[in-house]
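What follows is a single structure, written as structure tokens, with notes after it.
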There are 2 protein chains.
Amino acid sequence: MRAEVVAVGSELLLGDAVDTNSAHIAARLAEIGVDVHRHTTVGDNVERIEAVLRGAVDRADAVVVTGGLGPTSDDLTRVAVARLAGVALERRDDLAEYLYGYFGRAGRAMPESNLVQADLPTGATVLRPVGTAAGFALTVNAATVWCLPGVPGEMTVMVERDVVPALRAKSGAATTVSRIVRTSGMAESAVGEVCAPLVARLDAAGNPTVAFLASRGETRVRVTAKAATRDAALTLLAPVVAELLDLLGPNVTGVDDEGVEAAVARQLKHLGLTLAVGESITGGGLGARLVSVPGASDWFRGGLITYATESKTLLAGVAPAVLAEHGPVAEPTAAALAVGARERLRADVGLAVVGVAGPLLQNGLPVGTTCVGVALPDGTTPTVARRLPALGRVEVQDFAVSLALDVLRRRLAALG
Amino acid sequence: MRAEVVAVGSELLLGDAVDTNSAHIAARLAEIGVDVHRHTTVGDNVERIEAVLRGAVDRADAVVVTGGLGPTSDDLTRVAVARLAGVALERRDDLAEYLYGYFGRAGRAMPESNLVQADLPTGATVLRPVGTAAGFALTVNAATVWCLPGVPGEMTVMVERDVVPALRAKSGAATTVSRIVRTSGMAESAVGEVCAPLVARLDAAGNPTVAFLASRGETRVRVTAKAATRDAALTLLAPVVAELLDLLGPNVTGVDDEGVEAAVARQLKHLGLTLAVGESITGGGLGARLVSVPGASDWFRGGLITYATESKTLLAGVAPAVLAEHGPVAEPTAAALAVGARERLRADVGLAVVGVAGPLLQNGLPVGTTCVGVALPDGTTPTVARRLPALGRVEVQDFAVSLALDVLRRRLAALG
């Protein structure tokens, strides 16, 4: 089975936004054995969208389109697909009703113009909306055109709920399965070096294949196998994953979905410990990353955002003498902040991060300087200082969150 | 002048990597007045690359290709372009010499196989390599095909040094400039409705054009003008931007780079007020968004992350009676939390957000329920309750941050 992916949106064509939807869809289709031969991006122009889709339905069995399903005049995917299929748009009463309900529940009156989101090409199958945009599927010639909203959170739901099950049933071909070994606290090149002999062996054999993907503070190693069935692919992957876990040892946070925050959550639950945070450089980003994990209320108590130097004393009881001697960005300050967070929130463990996010130096310290402190149940307060790459303000803050979580993860691992 | 952008690489097609090159190239071409009508991504397959390029040279005056110029067997762009043009590949002695020198300087022997990087289609103009991969330009039919390496650091050099100057000379010097009017607290369709008469007028005239871009809690209106010079384009845009500011009034946070957090930062600085936050649902995300603004230390004091219900009393002094009567997600609780944050951090203004992020209901309240409280210098504590779209946990948290910032922004605007 052959598929193509089409992204609609002038913002993509003008380079105002990067298309991440197509990669997500392509990866999911590959996993179910659907060959994706082409991605195309086209702007908000009905003739050009139609022309792109006409080419795609001539070549492929399935075409997955994202974007252009919003309520405004530049949302043209519905019109283009109707033209492609030579059918009219028709108002779907159930969708109209849904839209009135959606706005009503939010306590707002629906603008009349929003009803265009209830107009679909005649004969299309509705993909139930997640937000306001319904998706739809329509067969044109021998191909099925799947139209999904461009909003990633809505698109991914429809991919899993509607597209993947339908295409999996039809594809019946070989399956591509990937597993991801996730590490934190180790540079990509260091991970690559450790894995080099394994990679050389895999390259020679050809299946599974391996790829390295790095983002701030995390390096992921993806191994991908192709086989007749999912089980056969997993069997090919198992020894490679085991070897990677062995090679990378304590740097591994988990496999597949388990990044460092999920690893910390699992450790805290396992140990029956609660956590509080104290943050300066990250302004709340450490807590935000932790509460992104579902069920965080089982182990996360809360935290102190001590951004102004004075607030470190006000909120966390950091002694003015410590601040006077070491300054706001220092290991003793991070330790005192961790202790303060642990005590004020009556948690078992405190985790604190201070640093220089930039764009300016602070007290002569360069951008990227970061100190992490941990206050453990036994009263000890280990600290770590690190100079992170001075990329940009938000990047340094993100990286500082990852570093703090990795420091905690390694400490909790030592507790058993 | 019309252009298309083509990215070559199976890693992109499989979703193992996101193509950021195409957006970069498209943005640069737009700036010099070249219309990009399509981006296509194709895998490492010589027939399919050739087919994609054949379509592109039929439609466009310039085709900019990235990727497939490496030394390995899956680097097929050189071969595909030679087939497209009906010419042979020929070894370029100067490039071969460059490659020997490049490896020699790195103290390594060059694998013989690397010499394929010195083989270019007959008649091609060499684009001097940055790493080991030479780019090249070749005219096929009436179009020029520009082939650049996929490595972003090498691609960007050739775009600036070779592609942009050549295309600028040909494009007749028209330029495309965009300005973005940013709104918060208003649904995309409502923005669209307010702007509909303006859009209809602009659509009829054709230049400038308008597009709407929505993300959680924000709707951006982008107006794009084409003119002979940047100044002329800005002159065309000025009355449209002014009309949008007028139409959208208090919903506008700013123009171009100014989103809601930057607007709040500007307001606080202007009013000479400091801010403290109290957060539950967002776990620190509100503070993190605020400290993403450079210079936040001028007006941001810090905050209280009161995730566990008990911590609302412990840290912020929310009366147990309030919690008992209203529960943790309620307007009086948000108001009390804002007051607590303001007092504990000795700030002028307190801003608090509580809510239900999911995946489960909380005290019978549906996912997305969000309450914002503001504690103002005059002692008043206005609150807002809203049911946000229940997309996913992280999406609800992000949207709650945007809502809180928008509520504060409107209150600060009222202070003058």
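As shown in the structure tokens, the chain order sets the letters A, B, ...; within each chain, residues go from 1, and ligands are also counted from 1 in the order they appear.
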
Give as a count of residues only every residue of chain B that touches chain A within 6 Å, counting only C-alpha atoms.
-> 32

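Once chain A is least-squares aligned to chain B over all ordered C-alpha pairs, the remaining root-mean-square deviation is 5.7 Å.
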
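Going from CA of Thr235 (chain B) to CA of Ala169 (chain B) covers 23.2 Å.
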
What's the 9 Å shell around Pro328 (chain A), counting only C-alpha atoms, without same-chain residues fewer than 3 positions away, as a compact mmCIF listing (two decimals) with N, CA and C atoms, in the first residue's frame?
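Wrote it out as around16.txt, contents follow:
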```txt
# COMPACT_ATOMS: atom_id res chain seq x y z
N SER A 280 14.72 29.02 40.11
CA SER A 280 14.99 30.40 39.80
C SER A 280 15.08 30.58 38.29
N THR A 309 16.01 37.66 43.74
CA THR A 309 16.95 37.12 44.72
C THR A 309 16.36 37.15 46.12
N LYS A 312 14.23 34.29 47.43
CA LYS A 312 14.86 33.04 47.89
C LYS A 312 14.85 32.98 49.42
N VAL A 322 24.25 33.21 53.05
CA VAL A 322 24.59 32.31 51.94
C VAL A 322 24.57 33.10 50.62
N LEU A 323 23.50 33.91 50.47
CA LEU A 323 23.39 34.70 49.24
C LEU A 323 24.51 35.73 49.16
N ALA A 324 24.84 36.33 50.29
CA ALA A 324 25.89 37.34 50.29
C ALA A 324 27.24 36.72 49.95
N THR A 333 23.67 27.85 47.29
CA THR A 333 22.35 28.46 47.15
C THR A 333 21.34 27.44 46.66
N ALA A 334 21.74 26.63 45.66
CA ALA A 334 20.85 25.59 45.15
C ALA A 334 20.50 24.59 46.24
N VAL A 354 19.17 26.77 39.91
CA VAL A 354 19.46 28.19 39.76
C VAL A 354 20.43 28.33 38.59
N GLY A 355 20.47 29.49 37.96
CA GLY A 355 21.39 29.62 36.83
C GLY A 355 21.23 30.94 36.11
N ASN A 363 26.19 38.53 37.64
CA ASN A 363 27.31 38.54 38.59
C ASN A 363 28.59 38.01 37.95
```

DSSP on the backbone, then: every residue of region 248-292 of chain A marked strand (DSSP E), written as JSON, numbers by chain.
-> {"A": [252, 253, 254, 255, 275, 276, 277, 278, 279]}

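For Leu53 (chain B), the list of residues within 9 Å, based on only C-alpha atoms and with local chain neighbours fewer than 6 positions off taken out, reads Val6, Val63, Val65, Ala80, Val81, Leu84 and Val145 of chain B.
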
What's the 10 Å shell around Ala142 (chain A), counting only C-alpha atoms, without same-chain residues fewer than 6 positions away, as JSON, numbers by chain?
-> {"A": [57, 58, 59, 60, 61, 62]}

Let me see the file: selected residues, C-alpha atoms, as a PDB file, in the first residue's frame.
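The resulting file, out29.pdb, is reproduced below:
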```
ATOM      1  CA  VAL A  57      -4.604  10.284  -5.816  1.00  0.00           C
ATOM      2  CA  ASP A  58      -3.194   9.220  -9.204  1.00  0.00           C
ATOM      3  CA  ARG A  59      -0.075   7.762  -7.570  1.00  0.00           C
ATOM      4  CA  ALA A  60      -1.185   6.555  -4.147  1.00  0.00           C
ATOM      5  CA  ASP A  61      -3.781   4.360  -2.460  1.00  0.00           C
ATOM      6  CA  ALA A  62      -4.143   6.691   0.492  1.00  0.00           C
TER       7      ALA A  62
END
```

Could you check which of B:Val79, B:Val401, B:Ala238, B:Val64 is closest to Val255 (chain B), using only C-alpha atoms?
->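 Using only C-alpha atoms, the shortest distance to Val255 (chain B) belongs to B:Ala238.
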
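The residue that comes closest to Gly68 (chain A), out of A:Ala385, A:Val372, A:Asp257, A:Pro149 and on the basis of only C-alpha atoms, is A:Pro149.
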
Residue list (helix (DSSP H, G or I), DSSP) for region 286-399 of chain B, as a ChimeraX atom specification | /B:286-291,296-298,309-316,320-326,331-344,393-399

If you count only C-alpha atoms, which residues fall within 7 Å of Pro121 (chain A), apart from same-chain ones fewer than 5 positions away, as a ChimeraX atom specification?
-> /A:78,82,87-90

Export of the given selection (C-alpha atoms) as a short mmCIF file (atom, residue, chain, number, x, y, z; two decimals), in the first residue's frame:
```cif
data_model
loop_
_atom_site.label_atom_id
_atom_site.label_comp_id
_atom_site.auth_asym_id
_atom_site.auth_seq_id
_atom_site.Cartn_x
_atom_site.Cartn_y
_atom_site.Cartn_z
CA ARG A 78 -12.95 21.09 2.18
CA ALA A 82 -15.08 18.59 -3.14
CA VAL A 87 -19.16 16.80 -5.62
CA ALA A 88 -20.81 19.61 -3.69
CA LEU A 89 -20.31 20.59 -0.07
CA GLU A 90 -23.26 19.78 2.15
#
```
